[in-house]
Structures are given as structure tokens and as C-alpha cells.
Amino acid sequence: MLQDTLKIFYEQGDIIEIRTIGKVTSTGYFDDVEKAAREAAKFDGKSNVYFMLNKIDPACYHRENKDKIIDKSSSTSDNDIIKRNWILLDFDPKRAAKTSATDEEKSLAEEIMKKIGKYLKNKGFKSPVIADSGNGWHLLYRIDMPNDNESKKLIETFLKTCDMLFSTETVDVDISVFNASRITKLYGTMSKKGADTKERPHRRSEIAYIPKVIEVNPKEKIKEISNMMPTTTRNTNNNYNAEFSIDDFISKHHIRVAKASSFSGGQKYILEECPFDKAHGKDSAIVQLPSGALAFHCFHNGCAYNTWKEFRELYEPLSEREAHKQHYETKREYKPKKEVNLTPQISQIIDDETLKILKRAKSLSSIRPFDRKNIEIFSFGIDTLDSQVEVLLGKLAVVTGVNGSGKSTFLGQVMLEALEQNHNVFTYSGELKPDEFQYWVDLQAAGTDNLIEKTSKKGKKYYEIKADARHEIHKWYNDKFFLYNNEESMKYEDILTTIEAYRVHKGCRVIFLDNFLTLDISSLSDKDLEAQTKFIWSLAQYVKKNNVLVFLVIHPRKIFDGICQKQDVLGTGNFSNAIDYMFIVHRINDAFRSHMEKRKLSKTSKEIAEKANNMIEIGKDRWTGKEGLNVPLKFCEDNKRLVDYQYPWTANKEYSWNKRVQKKEVIKDEECPF
């Protein structure tokens, strides 16, 4: 059994250190798994037996304790580690020192282990080795990192972030296990702490789960978690003469706390509901570190980029805080400007004219209250974009970009996401023939596994969709996905009438118009700009009246330096206020890179731009006020999908049509508890 454990962590030729801790500490070095296991077994039940996780310098084998475990001998230091192979997450129930855990305490540790394991899996981490340490639980993630100061700091911050997010009053995530020469329980040996009693028994440690393939976790994934750790060391409050009090902040803004608990010298407040989306339930929390730094975190992907900054902005907008700060620092009383009376004369009696004027407004109490929890939110299926913007039904979204930037590709994918969210879809495509449009969207729906690579007579590579996959895709489309026949009419009034018919009789509430320039709007005005403005304002009114979501493709009027910018579309602003959202699709080429160089972006953002294929820029978001944010994407040549640069594995996403198909080979880790 001990031999099987060691084979998980060591390769042929690796140097193994076995360490036993009892009345004295003893150590031995081995270059053979069988020898190490036999020697370790001699100490099982007499002492606690441990092994070294990371790769040891082969020179250590030639110390005095070669091939045998001897007392008070040399052991491995951090400088003796030549590579980091594993990250250990150790979940230990809080209890009196030098005692074993009760069954109940160990069960609490298992709950936290499963919770963080599921969370990291959703974040793209590879399956870990899971071990029962006897008194708690371990998750062991395979890595391949040098033993240097950067790795040490990264792993330390990763563990502290996990501690911040998951430790409770009853279970700790051990933040001390970041050192390179970390030892851990030799799974299969007895765990001996304190007296062996019925309530707190000694237990045998064991491996609980081994993935079929142990895969290395990329450094970027570890950084993604570590970056959640707040870096500010102090927070000041909004009267600027005392330390910030999180308790006062919670009380002042009536934030409902489900549970408050302490962890590693900090404080955690689990909220009754996520302020960004009530559907997320009690999966969000405010955390205050011992330094005073504050963090907000919600465990749902849609909230991944909502930090303490965004959280505080909900309750105390930056503009208000800056104004208050300026007032406090200058200690000046606010003096309003002298008012100019522009009030017209109104009759003292309510005649017909006055009554008509009075009907322009209504009593606030007569307005139906806004119900935030019941608003309908549309998702793009691109996690980073969804975390930055919240698109609602009843809104008008403009999609723009230069020719060939990927607008139609982006929208095709959004159409499939609408179907995935059980919305019926109506699409107008003014440029593509129906069969061309269908082929392109079918490729996106199919995904790589359902495509067959072909070569044309001229040697050009292309892809066909497997017949059974196409059949299932079209069954999925049936009576839910409708394409306007652009051979019928291009007049805007005919198209809008058709849209209304499909809204009323087919339930189509997500609508795509690609593109604006192909519509015949000449009947609205002889002047192009005036006709366009009239059309967009009337479309905006239609959207709000019928609570539908419309994506309208508008090409920029003029382009400078080969880059589309917000002002290139809005121009004079005649219809800018009619638009709720604007998404600018960029193709990352030399012109775009040159444009990025001129902007004050971080080094990381520029590096990403160098590696990505496309970028979605949020040009306008009336709902949150955000703009100018960029989401990098990778283009998949075979299935024509635009994939979140930070989550490249989503290129293999399966839509609902495919989830119903029985696959020939399905590999499931049935024993994995999360």
C-alpha cells in the first residue's frame, strides 16, 4: 500500500525522503520506491510517517542516512529542492492542540474540501489527488514550477487566497504549507495525535481518489486565484479622519449578513444574497484581512470580476466619495449657485390646457416598484464578457467594427447562446444567402468533435459537419430559430412587421439585425442621417414597449488608422441616447496593436493583445455605466467560435443538442466527490 502511494508522487530514479516524527525525528533517503516503502512500514503505528512532496536534489541521497531511517539525521531543506511538483491544500478542523479530530470535526473538513475542489474545477483546474490525512483532508494539485522566490510567493498567496475564501470558524485552510521542502503524511500510515480514544481515535490515512490521468495545472490558473487577494494595506472611510469600519459600512447601508466568522486573524461576512445577482444566494462574502485590506467575492462565474471596488461602488459611488472628501478637506460649506427663475406662467385654475400639462407626469407612488430580482438577464456565454456587462431584455444593443473584424461570427455565437437560454430567435441577415448563413452557424453549434476535415480540389482545407450531428442540430433549431428571407423585401417596414409577427406568434424575444446598411429606410427621409436617426429611435421604442432584446449591427461611418471607435458610429450623437449597449468587435492586427500602444494599458493587457485574435470592447453600457473595457478572444479556425482568452477550454463547449446525444466514449471520474 505504501509502495502504491509513493508511485503516485515519484518517478523512476527520483530521490525519496521518508521522515518519522515521534519522540525523536528520524530521516532516510532512498532511490528505490520498494526500499522506501519497506523501511517506512517499520515505523507505522509507532511514529507519524511523512514523505517529501517536491523533487529533491540527487546529491542528498549520498548523506549518512542513505537507504535507512536514522535518528537526528540530516533532512531536506528548501535549498535542496530542485523543482516544485505539487501544491498541497490541507483542510484541518480546529481543535485542541495535540489531539485527533472527532468524526464530526473531520466531516466539516470534508465539506470545505469538496467546496473548494468544486470551485477550482469550475475555474479550470485539473483533477487533484484527494487524500484522507486521518484527521482532515488533502487536495494535491500537480504543478511544474521552478523552486525560486517567485514560485514561493505565488503559492503562498494562492494558499492565503483559498484561506480567505473558504476557511471557517471550524475548519482552516493551512497557509503554512507553501515552503518547497514541505512534507506530508505518507498515506497508508496511521495518524497519531494525542490519546487514542473512542471520541478522538487514531485513524489510518489513505488515498481517496486518483485521477485516471494526473495533469499539470498551468501557472496562469494559480495566478488567477492569487490575483483575488487584495493588495491595499489600509482602507479609509468616507469622513476621512478615522479608520474605515466595515461594521459601520454594513450597518449604514443595511447590508444583510447571514453569518460572520473569523479566519487567520481576519473577518468574513457571508451575505444573505449577492448584491449583483440575488439568484446567486448566499455564495458571496465580504472579507477583511488582518492588514485591514478588504475584498468581496462571489463564487459564481458571472461575478468573477466584481471586487471590493465594484461592491463599494454599488453603495457609495466614487463621485460621491470624492465630493465628500473634497468638502471635508477644504472645510467649506456648500453654497448653491444663485437660481434663475425660468418658470412660465400657469393658470391658477385647472383648465383643459393645464390638465393636459399635469398629465405629463404622475405621482411617484402610482409607479410600479422596480423589481431588481426579476429582471431578465441575457448571457453571452463568454465568462469574462458576462462578468463585465449585464445585458437585459427590453434593451437595444449595437454591435460594430470594421469590415472583417468578426461581427457576424460573434453574433452567430450569441444566437446559439440565446437558444441555449431557451429564447426563441429571429434573425435578419442582409449579406449572406440562407444556406451560407446556416452553414456558418451550424459549424459553431457542432464544435470540433463533430466536424470532418476536408481538402478542396485546390488544396484548401475546409470542414463538413457529421450527418448525425447536423440532424440533431436542426432538430434543436426547429420552431425556435428563424431566419428572414431577404429575397422577399429589404424594406424596414416589412422586416419590422415580420419581427412583430414572430414575436406574437412564435415567441421570438431575442432579435438580430445584420446589418443596418442593408435595410431600405428611404421612406423615412430623403436625408440618410435623418432616416437612420428616425429608424433607430423607433426601434428603441419598440424594444422597450415589447420587452425584447435587439442586436443591431451598424458599420462605422468613417475610420481613422484602421480602428473603429465609439465616435465613429455615433457621429454627431443624433441617436446615441437611443442605444443601451455598444459592443465594438476588433480583429487584432497591426493597426489594432499600434492603437493599443498609444493607450495607457498595463503590460499584461498588451501581452494578451499580442496573443489574442479578437477583442470585444464595451463601448457603452447604460445599465452599469461601464465603457472602454476589453475582453480578449481566441478564434477557432475549424468551428468558427470566438473563445474567451482566459478560458480556452470553452472551445469544446457542448450545446444542448449535443448533451442529448449518447456518446460512444465517455470518461467519468465517478469516484470524485465534486
# chains A, B, ... in the order shown; residues from 1 in each chain; ligands from 1
>>> residues_around(residues="Thr448 (chain A)", least_positions_apart="4", cutoff="12 Å", atoms="only C-alpha atoms", output="list in words")
Asp442, Leu443, Gln444, Ile452, Glu453, Tyr463, Glu464, Ile465, Lys466, Ala469, Cys636, Glu637, Asp638, Asn639, Lys640, Arg641, Trp649, Thr650, Ala651, Asn652, Lys653 and Glu654 of chain A
>>> select_by_dssp(residues="region 406-632 of chain A", states="strand (DSSP E)", output="PDB file with N, CA and C atoms, in the first residue's frame")
ATOM      1  N   ASN A 424     -36.482  32.036 -28.053  1.00  0.00           N
ATOM      2  CA  ASN A 424     -36.667  31.880 -29.494  1.00  0.00           C
ATOM      3  C   ASN A 424     -36.029  33.064 -30.195  1.00  0.00           C
ATOM      4  N   VAL A 425     -35.405  32.800 -31.351  1.00  0.00           N
ATOM      5  CA  VAL A 425     -34.549  33.788 -32.010  1.00  0.00           C
ATOM      6  C   VAL A 425     -35.069  34.103 -33.405  1.00  0.00           C
ATOM      7  N   PHE A 426     -35.078  35.398 -33.734  1.00  0.00           N
ATOM      8  CA  PHE A 426     -35.371  35.850 -35.096  1.00  0.00           C
ATOM      9  C   PHE A 426     -34.158  36.600 -35.610  1.00  0.00           C
ATOM     10  N   THR A 427     -33.719  36.266 -36.834  1.00  0.00           N
ATOM     11  CA  THR A 427     -32.512  36.875 -37.399  1.00  0.00           C
ATOM     12  C   THR A 427     -32.762  37.400 -38.807  1.00  0.00           C
ATOM     13  N   TYR A 428     -32.261  38.590 -39.044  1.00  0.00           N
ATOM     14  CA  TYR A 428     -32.212  39.155 -40.395  1.00  0.00           C
ATOM     15  C   TYR A 428     -30.749  39.259 -40.785  1.00  0.00           C
ATOM     16  N   SER A 429     -30.382  38.629 -41.909  1.00  0.00           N
ATOM     17  CA  SER A 429     -29.018  38.719 -42.426  1.00  0.00           C
ATOM     18  C   SER A 429     -29.094  39.288 -43.837  1.00  0.00           C
ATOM     19  N   LEU A 451     -16.901  17.644 -36.489  1.00  0.00           N
ATOM     20  CA  LEU A 451     -16.503  18.129 -37.801  1.00  0.00           C
ATOM     21  C   LEU A 451     -15.567  17.130 -38.486  1.00  0.00           C
ATOM     22  N   ILE A 452     -15.630  17.110 -39.804  1.00  0.00           N
ATOM     23  CA  ILE A 452     -14.749  16.276 -40.614  1.00  0.00           C
ATOM     24  C   ILE A 452     -13.902  17.199 -41.490  1.00  0.00           C
ATOM     25  N   GLU A 453     -12.591  17.075 -41.380  1.00  0.00           N
ATOM     26  CA  GLU A 453     -11.702  17.932 -42.179  1.00  0.00           C
ATOM     27  C   GLU A 453     -11.645  17.422 -43.617  1.00  0.00           C
ATOM     28  N   LYS A 454     -11.805  18.356 -44.556  1.00  0.00           N
ATOM     29  CA  LYS A 454     -11.778  18.027 -45.978  1.00  0.00           C
ATOM     30  C   LYS A 454     -10.753  18.915 -46.687  1.00  0.00           C
ATOM     31  N   THR A 455     -10.401  18.531 -47.902  1.00  0.00           N
ATOM     32  CA  THR A 455      -9.493  19.338 -48.722  1.00  0.00           C
ATOM     33  C   THR A 455     -10.122  19.553 -50.089  1.00  0.00           C
ATOM     34  N   LYS A 461      -8.116  23.717 -47.099  1.00  0.00           N
ATOM     35  CA  LYS A 461      -8.765  22.947 -46.042  1.00  0.00           C
ATOM     36  C   LYS A 461     -10.122  23.567 -45.688  1.00  0.00           C
ATOM     37  N   TYR A 462     -11.121  22.717 -45.512  1.00  0.00           N
ATOM     38  CA  TYR A 462     -12.427  23.171 -45.031  1.00  0.00           C
ATOM     39  C   TYR A 462     -13.036  22.067 -44.180  1.00  0.00           C
ATOM     40  N   TYR A 463     -14.218  22.341 -43.609  1.00  0.00           N
ATOM     41  CA  TYR A 463     -14.810  21.387 -42.671  1.00  0.00           C
ATOM     42  C   TYR A 463     -16.267  21.104 -43.030  1.00  0.00           C
ATOM     43  N   GLU A 464     -16.632  19.832 -42.874  1.00  0.00           N
ATOM     44  CA  GLU A 464     -18.020  19.413 -43.020  1.00  0.00           C
ATOM     45  C   GLU A 464     -18.524  18.912 -41.677  1.00  0.00           C
ATOM     46  N   ILE A 465     -19.828  19.046 -41.470  1.00  0.00           N
ATOM     47  CA  ILE A 465     -20.437  18.602 -40.221  1.00  0.00           C
ATOM     48  C   ILE A 465     -20.912  17.163 -40.388  1.00  0.00           C
ATOM     49  N   PHE A 481     -35.654  28.867 -34.060  1.00  0.00           N
ATOM     50  CA  PHE A 481     -34.624  29.700 -34.692  1.00  0.00           C
ATOM     51  C   PHE A 481     -35.112  30.030 -36.104  1.00  0.00           C
ATOM     52  N   PHE A 482     -35.348  31.332 -36.370  1.00  0.00           N
ATOM     53  CA  PHE A 482     -35.973  31.740 -37.631  1.00  0.00           C
ATOM     54  C   PHE A 482     -35.091  32.764 -38.345  1.00  0.00           C
ATOM     55  N   LEU A 483     -34.955  32.575 -39.665  1.00  0.00           N
ATOM     56  CA  LEU A 483     -34.141  33.461 -40.495  1.00  0.00           C
ATOM     57  C   LEU A 483     -35.025  34.133 -41.540  1.00  0.00           C
ATOM     58  N   CYS A 508     -40.573  34.963 -30.307  1.00  0.00           N
ATOM     59  CA  CYS A 508     -39.188  35.414 -30.525  1.00  0.00           C
ATOM     60  C   CYS A 508     -38.933  36.710 -29.754  1.00  0.00           C
ATOM     61  N   ARG A 509     -38.026  36.638 -28.780  1.00  0.00           N
ATOM     62  CA  ARG A 509     -37.743  37.814 -27.945  1.00  0.00           C
ATOM     63  C   ARG A 509     -36.289  38.261 -28.028  1.00  0.00           C
ATOM     64  N   VAL A 510     -35.453  37.503 -28.745  1.00  0.00           N
ATOM     65  CA  VAL A 510     -34.075  37.936 -28.994  1.00  0.00           C
ATOM     66  C   VAL A 510     -33.914  38.036 -30.505  1.00  0.00           C
ATOM     67  N   ILE A 511     -33.601  39.243 -30.975  1.00  0.00           N
ATOM     68  CA  ILE A 511     -33.675  39.571 -32.403  1.00  0.00           C
ATOM     69  C   ILE A 511     -32.336  40.129 -32.873  1.00  0.00           C
ATOM     70  N   PHE A 512     -31.923  39.706 -34.062  1.00  0.00           N
ATOM     71  CA  PHE A 512     -30.642  40.126 -34.622  1.00  0.00           C
ATOM     72  C   PHE A 512     -30.869  40.759 -35.995  1.00  0.00           C
ATOM     73  N   LEU A 513     -30.318  41.959 -36.194  1.00  0.00           N
ATOM     74  CA  LEU A 513     -30.413  42.661 -37.469  1.00  0.00           C
ATOM     75  C   LEU A 513     -28.987  42.925 -37.973  1.00  0.00           C
ATOM     76  N   ASP A 514     -28.572  42.158 -38.998  1.00  0.00           N
ATOM     77  CA  ASP A 514     -27.206  42.234 -39.503  1.00  0.00           C
ATOM     78  C   ASP A 514     -27.245  42.437 -41.035  1.00  0.00           C
ATOM     79  N   LEU A 549     -35.014  41.929 -26.730  1.00  0.00           N
ATOM     80  CA  LEU A 549     -33.604  42.317 -26.837  1.00  0.00           C
ATOM     81  C   LEU A 549     -33.223  42.290 -28.306  1.00  0.00           C
ATOM     82  N   VAL A 550     -32.740  43.428 -28.814  1.00  0.00           N
ATOM     83  CA  VAL A 550     -32.357  43.527 -30.224  1.00  0.00           C
ATOM     84  C   VAL A 550     -30.870  43.825 -30.335  1.00  0.00           C
ATOM     85  N   PHE A 551     -30.174  43.030 -31.149  1.00  0.00           N
ATOM     86  CA  PHE A 551     -28.777  43.293 -31.511  1.00  0.00           C
ATOM     87  C   PHE A 551     -28.765  43.847 -32.933  1.00  0.00           C
ATOM     88  N   LEU A 552     -28.307  45.074 -33.080  1.00  0.00           N
ATOM     89  CA  LEU A 552     -28.286  45.757 -34.365  1.00  0.00           C
ATOM     90  C   LEU A 552     -26.839  46.006 -34.783  1.00  0.00           C
ATOM     91  N   VAL A 553     -26.471  45.501 -35.956  1.00  0.00           N
ATOM     92  CA  VAL A 553     -25.116  45.724 -36.478  1.00  0.00           C
ATOM     93  C   VAL A 553     -25.089  47.032 -37.258  1.00  0.00           C
ATOM     94  N   TYR A 581     -26.606  49.589 -25.228  1.00  0.00           N
ATOM     95  CA  TYR A 581     -25.289  48.945 -25.193  1.00  0.00           C
ATOM     96  C   TYR A 581     -24.597  49.123 -26.543  1.00  0.00           C
ATOM     97  N   MET A 582     -23.270  49.189 -26.490  1.00  0.00           N
ATOM     98  CA  MET A 582     -22.493  49.135 -27.725  1.00  0.00           C
ATOM     99  C   MET A 582     -21.308  48.196 -27.513  1.00  0.00           C
ATOM    100  N   PHE A 583     -21.157  47.252 -28.441  1.00  0.00           N
ATOM    101  CA  PHE A 583     -20.036  46.318 -28.407  1.00  0.00           C
ATOM    102  C   PHE A 583     -19.238  46.486 -29.700  1.00  0.00           C
ATOM    103  N   ILE A 584     -17.962  46.799 -29.550  1.00  0.00           N
ATOM    104  CA  ILE A 584     -17.094  47.002 -30.705  1.00  0.00           C
ATOM    105  C   ILE A 584     -16.211  45.757 -30.864  1.00  0.00           C
ATOM    106  N   VAL A 585     -16.313  45.113 -32.016  1.00  0.00           N
ATOM    107  CA  VAL A 585     -15.530  43.910 -32.289  1.00  0.00           C
ATOM    108  C   VAL A 585     -14.270  44.314 -33.054  1.00  0.00           C
ATOM    109  N   HIS A 586     -13.121  43.975 -32.512  1.00  0.00           N
ATOM    110  CA  HIS A 586     -11.839  44.290 -33.149  1.00  0.00           C
ATOM    111  C   HIS A 586     -11.151  43.002 -33.590  1.00  0.00           C
ATOM    112  N   ARG A 587     -10.519  43.056 -34.736  1.00  0.00           N
ATOM    113  CA  ARG A 587      -9.584  41.991 -35.100  1.00  0.00           C
ATOM    114  C   ARG A 587      -8.193  42.499 -34.742  1.00  0.00           C
ATOM    115  N   ASN A 614      -9.008  38.323 -31.434  1.00  0.00           N
ATOM    116  CA  ASN A 614     -10.053  39.346 -31.490  1.00  0.00           C
ATOM    117  C   ASN A 614     -10.220  39.976 -30.114  1.00  0.00           C
ATOM    118  N   MET A 615     -10.917  41.107 -30.101  1.00  0.00           N
ATOM    119  CA  MET A 615     -11.188  41.793 -28.851  1.00  0.00           C
ATOM    120  C   MET A 615     -12.607  42.358 -28.904  1.00  0.00           C
ATOM    121  N   ILE A 616     -13.369  42.151 -27.836  1.00  0.00           N
ATOM    122  CA  ILE A 616     -14.675  42.800 -27.711  1.00  0.00           C
ATOM    123  C   ILE A 616     -14.504  43.977 -26.763  1.00  0.00           C
ATOM    124  N   GLU A 617     -14.789  45.167 -27.248  1.00  0.00           N
ATOM    125  CA  GLU A 617     -14.711  46.367 -26.414  1.00  0.00           C
ATOM    126  C   GLU A 617     -16.120  46.805 -26.034  1.00  0.00           C
ATOM    127  N   ILE A 618     -16.329  47.070 -24.758  1.00  0.00           N
ATOM    128  CA  ILE A 618     -17.624  47.584 -24.304  1.00  0.00           C
ATOM    129  C   ILE A 618     -17.605  49.093 -24.509  1.00  0.00           C
ATOM    130  N   GLY A 619     -18.278  49.534 -25.575  1.00  0.00           N
ATOM    131  CA  GLY A 619     -18.296  50.954 -25.902  1.00  0.00           C
ATOM    132  C   GLY A 619     -19.303  51.737 -25.094  1.00  0.00           C
ATOM    133  N   LYS A 620     -20.377  51.030 -24.669  1.00  0.00           N
ATOM    134  CA  LYS A 620     -21.399  51.691 -23.863  1.00  0.00           C
ATOM    135  C   LYS A 620     -22.191  50.638 -23.109  1.00  0.00           C
ATOM    136  N   ASP A 621     -22.490  50.920 -21.858  1.00  0.00           N
ATOM    137  CA  ASP A 621     -23.374  50.089 -21.041  1.00  0.00           C
ATOM    138  C   ASP A 621     -24.179  51.031 -20.160  1.00  0.00           C
ATOM    139  N   LEU A 629     -13.895  48.844 -21.524  1.00  0.00           N
ATOM    140  CA  LEU A 629     -13.320  47.575 -21.084  1.00  0.00           C
ATOM    141  C   LEU A 629     -13.139  46.647 -22.277  1.00  0.00           C
ATOM    142  N   ASN A 630     -12.069  45.876 -22.272  1.00  0.00           N
ATOM    143  CA  ASN A 630     -11.741  44.997 -23.397  1.00  0.00           C
ATOM    144  C   ASN A 630     -11.701  43.542 -22.964  1.00  0.00           C
ATOM    145  N   VAL A 631     -12.297  42.667 -23.768  1.00  0.00           N
ATOM    146  CA  VAL A 631     -12.311  41.227 -23.490  1.00  0.00           C
ATOM    147  C   VAL A 631     -11.606  40.508 -24.642  1.00  0.00           C
ATOM    148  N   PRO A 632     -10.422  39.919 -24.396  1.00  0.00           N
ATOM    149  CA  PRO A 632      -9.684  39.242 -25.469  1.00  0.00           C
ATOM    150  C   PRO A 632     -10.287  37.880 -25.811  1.00  0.00           C
TER     151      PRO A 632
END
>>> closest_residue(among="A:His300, A:Asn450, A:Pro556, A:Trp440", to="Asn403 (chain A)", atoms="only C-alpha atoms")
A:Pro556
>>> residues_around(residues="Gly281 (chain A)", least_positions_apart="3", cutoff="10 Å", atoms="only C-alpha atoms", output="number ranges by chain")
A: 271-275, 277-278, 284, 298, 300
>>> write_last_selection(atoms="N, CA and C atoms", output="mmCIF file, in the first residue's frame")
data_model
loop_
_atom_site.group_PDB
_atom_site.id
_atom_site.type_symbol
_atom_site.label_atom_id
_atom_site.label_comp_id
_atom_site.auth_asym_id
_atom_site.auth_seq_id
_atom_site.Cartn_x
_atom_site.Cartn_y
_atom_site.Cartn_z
ATOM 1 N N LEU A 271 -22.892 36.948 3.017
ATOM 2 C CA LEU A 271 -24.081 37.770 2.783
ATOM 3 C C LEU A 271 -25.308 36.917 2.506
ATOM 4 N N GLU A 272 -26.459 37.451 2.853
ATOM 5 C CA GLU A 272 -27.729 36.757 2.603
ATOM 6 C C GLU A 272 -27.961 36.569 1.108
ATOM 7 N N GLU A 273 -27.491 37.526 0.322
ATOM 8 C CA GLU A 273 -27.642 37.423 -1.126
ATOM 9 C C GLU A 273 -26.562 38.252 -1.799
ATOM 10 N N CYS A 274 -26.218 37.866 -3.012
ATOM 11 C CA CYS A 274 -25.234 38.624 -3.781
ATOM 12 C C CYS A 274 -25.874 39.927 -4.260
ATOM 13 N N PRO A 275 -25.265 41.075 -4.003
ATOM 14 C CA PRO A 275 -25.874 42.342 -4.418
ATOM 15 C C PRO A 275 -25.906 42.533 -5.931
ATOM 16 N N ASP A 277 -26.449 39.882 -8.108
ATOM 17 C CA ASP A 277 -27.446 38.962 -8.654
ATOM 18 C C ASP A 277 -28.015 38.129 -7.507
ATOM 19 N N LYS A 278 -29.252 38.405 -7.123
ATOM 20 C CA LYS A 278 -29.859 37.719 -5.982
ATOM 21 C C LYS A 278 -29.994 36.224 -6.204
ATOM 22 N N SER A 284 -21.809 34.727 -1.654
ATOM 23 C CA SER A 284 -20.932 35.896 -1.713
ATOM 24 C C SER A 284 -20.551 36.318 -0.304
ATOM 25 N N CYS A 298 -17.803 36.610 -4.991
ATOM 26 C CA CYS A 298 -18.966 35.756 -5.224
ATOM 27 C C CYS A 298 -18.463 34.554 -6.016
ATOM 28 N N HIS A 300 -19.891 32.646 -8.144
ATOM 29 C CA HIS A 300 -20.469 32.407 -9.461
ATOM 30 C C HIS A 300 -19.612 33.094 -10.527
#
>>> residues_around(residues="Ala540 (chain A)", least_positions_apart="3", cutoff="8 Å", atoms="only C-alpha atoms", output="tab-separated table (two decimals) with N, CA and C atoms, in the first residue's frame")
chain	number	residue	atom	x	y	z
A	395	LYS	N	-33.88	45.98	-24.15
A	395	LYS	CA	-32.80	46.91	-24.46
A	395	LYS	C	-32.37	46.77	-25.91
A	396	LEU	N	-31.71	47.83	-26.41
A	396	LEU	CA	-31.17	47.86	-27.76
A	396	LEU	C	-29.65	47.85	-27.69
A	536	ILE	N	-33.66	54.28	-35.75
A	536	ILE	CA	-33.11	53.76	-34.50
A	536	ILE	C	-33.95	54.18	-33.31
A	537	TRP	N	-34.46	55.42	-33.31
A	537	TRP	CA	-35.31	55.84	-32.20
A	537	TRP	C	-36.62	55.04	-32.18
A	543	VAL	N	-38.43	48.14	-28.79
A	543	VAL	CA	-37.73	47.23	-27.88
A	543	VAL	C	-38.27	47.35	-26.46
A	544	LYS	N	-38.41	48.58	-25.98
A	544	LYS	CA	-38.86	48.80	-24.60
A	544	LYS	C	-40.33	48.45	-24.43
A	578	ALA	N	-30.43	56.65	-27.77
A	578	ALA	CA	-31.42	55.58	-28.01
A	578	ALA	C	-30.81	54.22	-27.75
A	579	ILE	N	-29.48	54.15	-27.71
A	579	ILE	CA	-28.77	52.88	-27.59
A	579	ILE	C	-28.47	52.57	-26.12
>>> residues_around(residues="region 516-519 of chain A", least_positions_apart="4", cutoff="12 Å", atoms="only C-alpha atoms", output="JSON, numbers by chain")
{"A": [398, 399, 400, 428, 429, 430, 431, 432, 486, 489, 490, 491, 492, 493, 494, 495, 496, 512, 523, 524, 528, 529, 531, 532, 533, 535, 536, 539, 551, 552, 553, 554, 555, 556, 557, 569]}
>>> residues_around(residues="Asn227 (chain A)", least_positions_apart="6", cutoff="9 Å", atoms="only C-alpha atoms", output="PyMOL selection string")
chain A and resi 157-158+161
>>> write_last_selection(atoms="C-alpha atoms", output="compact mmCIF listing (two decimals), in the first residue's frame")
# COMPACT_ATOMS: atom_id res chain seq x y z
CA THR A 157 -0.58 33.90 -1.98
CA PHE A 158 -2.64 31.12 -3.59
CA THR A 161 -6.49 33.39 -1.04
>>> residues_around(residues="Ile130 (chain A)", least_positions_apart="5", cutoff="10 Å", atoms="only C-alpha atoms", output="PDB file with C-alpha atoms, in the first residue's frame")
ATOM      1  CA  LEU A  89      -4.277  22.169   0.174  1.00  0.00           C
ATOM      2  CA  MET A 113     -12.537  20.238   0.815  1.00  0.00           C
ATOM      3  CA  LYS A 114     -15.379  19.389  -1.568  1.00  0.00           C
ATOM      4  CA  GLY A 117     -12.406  21.306  -5.061  1.00  0.00           C
ATOM      5  CA  TRP A 137      -8.451  16.119   4.093  1.00  0.00           C
ATOM      6  CA  HIS A 138      -5.872  16.989   1.439  1.00  0.00           C
ATOM      7  CA  LEU A 139      -6.146  18.130  -2.179  1.00  0.00           C
ATOM      8  CA  LEU A 140      -2.875  17.695  -4.085  1.00  0.00           C
ATOM      9  CA  TYR A 141      -2.585  19.565  -7.401  1.00  0.00           C
ATOM     10  CA  GLU A 206      -5.342   6.846   2.795  1.00  0.00           C
ATOM     11  CA  ILE A 207      -5.595   7.961  -0.802  1.00  0.00           C
ATOM     12  CA  ALA A 208      -9.288   8.574  -1.502  1.00  0.00           C
ATOM     13  CA  TYR A 209      -9.143   9.385  -5.217  1.00  0.00           C
ATOM     14  CA  ILE A 210      -6.617   9.302  -8.063  1.00  0.00           C
ATOM     15  CA  PRO A 211      -7.494  10.830 -11.471  1.00  0.00           C
ATOM     16  CA  CYS A 672     -14.525  12.093  -7.433  1.00  0.00           C
ATOM     17  CA  PRO A 673     -16.687  13.746  -4.740  1.00  0.00           C
TER      18      PRO A 673
END
>>> atom_distance(atom1="CA of Thr307 (chain A)", atom2="CA of Phe244 (chain A)")
17.3 Å
>>> closest_residue(among="A:Asn306, A:Thr624, A:Arg182, A:Lys123", to="Ile225 (chain A)", atoms="only C-alpha atoms")
A:Lys123
>>> atom_distance(atom1="CA of Trp86 (chain A)", atom2="CA of Tyr50 (chain A)")
15.1 Å
>>> closest_residue(among="A:Thr184, A:Asn577, A:Ser291, A:Ser656", to="Gln421 (chain A)", atoms="only C-alpha atoms")
A:Ser656
>>> select_by_dssp(residues="region 424-651 of chain A", states="alpha helix (DSSP H)", output="PyMOL selection string")
chain A and resi 434-446+467-477+492-506+528-546+566-570+590-598+603-611
>>> atom_distance(atom1="CA of Asp163 (chain A)", atom2="CA of Ser264 (chain A)")
7.9 Å
>>> closest_residue(among="A:Ile81, A:Met229, A:Ile15, A:Ile214", to="His297 (chain A)", atoms="only C-alpha atoms")
A:Met229
>>> closest_atom_pairs(of="region 87-186 of chain A", to="region 72-79 of chain A", cutoff="7 Å", atoms="only C-alpha atoms", output="CSV")
residue,atom,partner,partner_atom,distance
A:Asn179,CA,A:Asp78,CA,6.9
A:Ala180,CA,A:Asp78,CA,5.1
A:Ser181,CA,A:Asp78,CA,4.8
>>> write_last_selection(atoms="N, CA and C atoms", output="CSV table (one decimal), in the first residue's frame")
chain,number,residue,atom,x,y,z
A,179,ASN,N,6.1,26.1,1.7
A,179,ASN,CA,7.6,26.0,1.6
A,179,ASN,C,7.9,24.8,0.6
A,180,ALA,N,9.1,24.9,0.0
A,180,ALA,CA,9.5,24.0,-1.0
A,180,ALA,C,9.7,22.6,-0.4
A,181,SER,N,10.3,22.5,0.8
A,181,SER,CA,10.6,21.3,1.4
A,181,SER,C,9.5,20.8,2.3
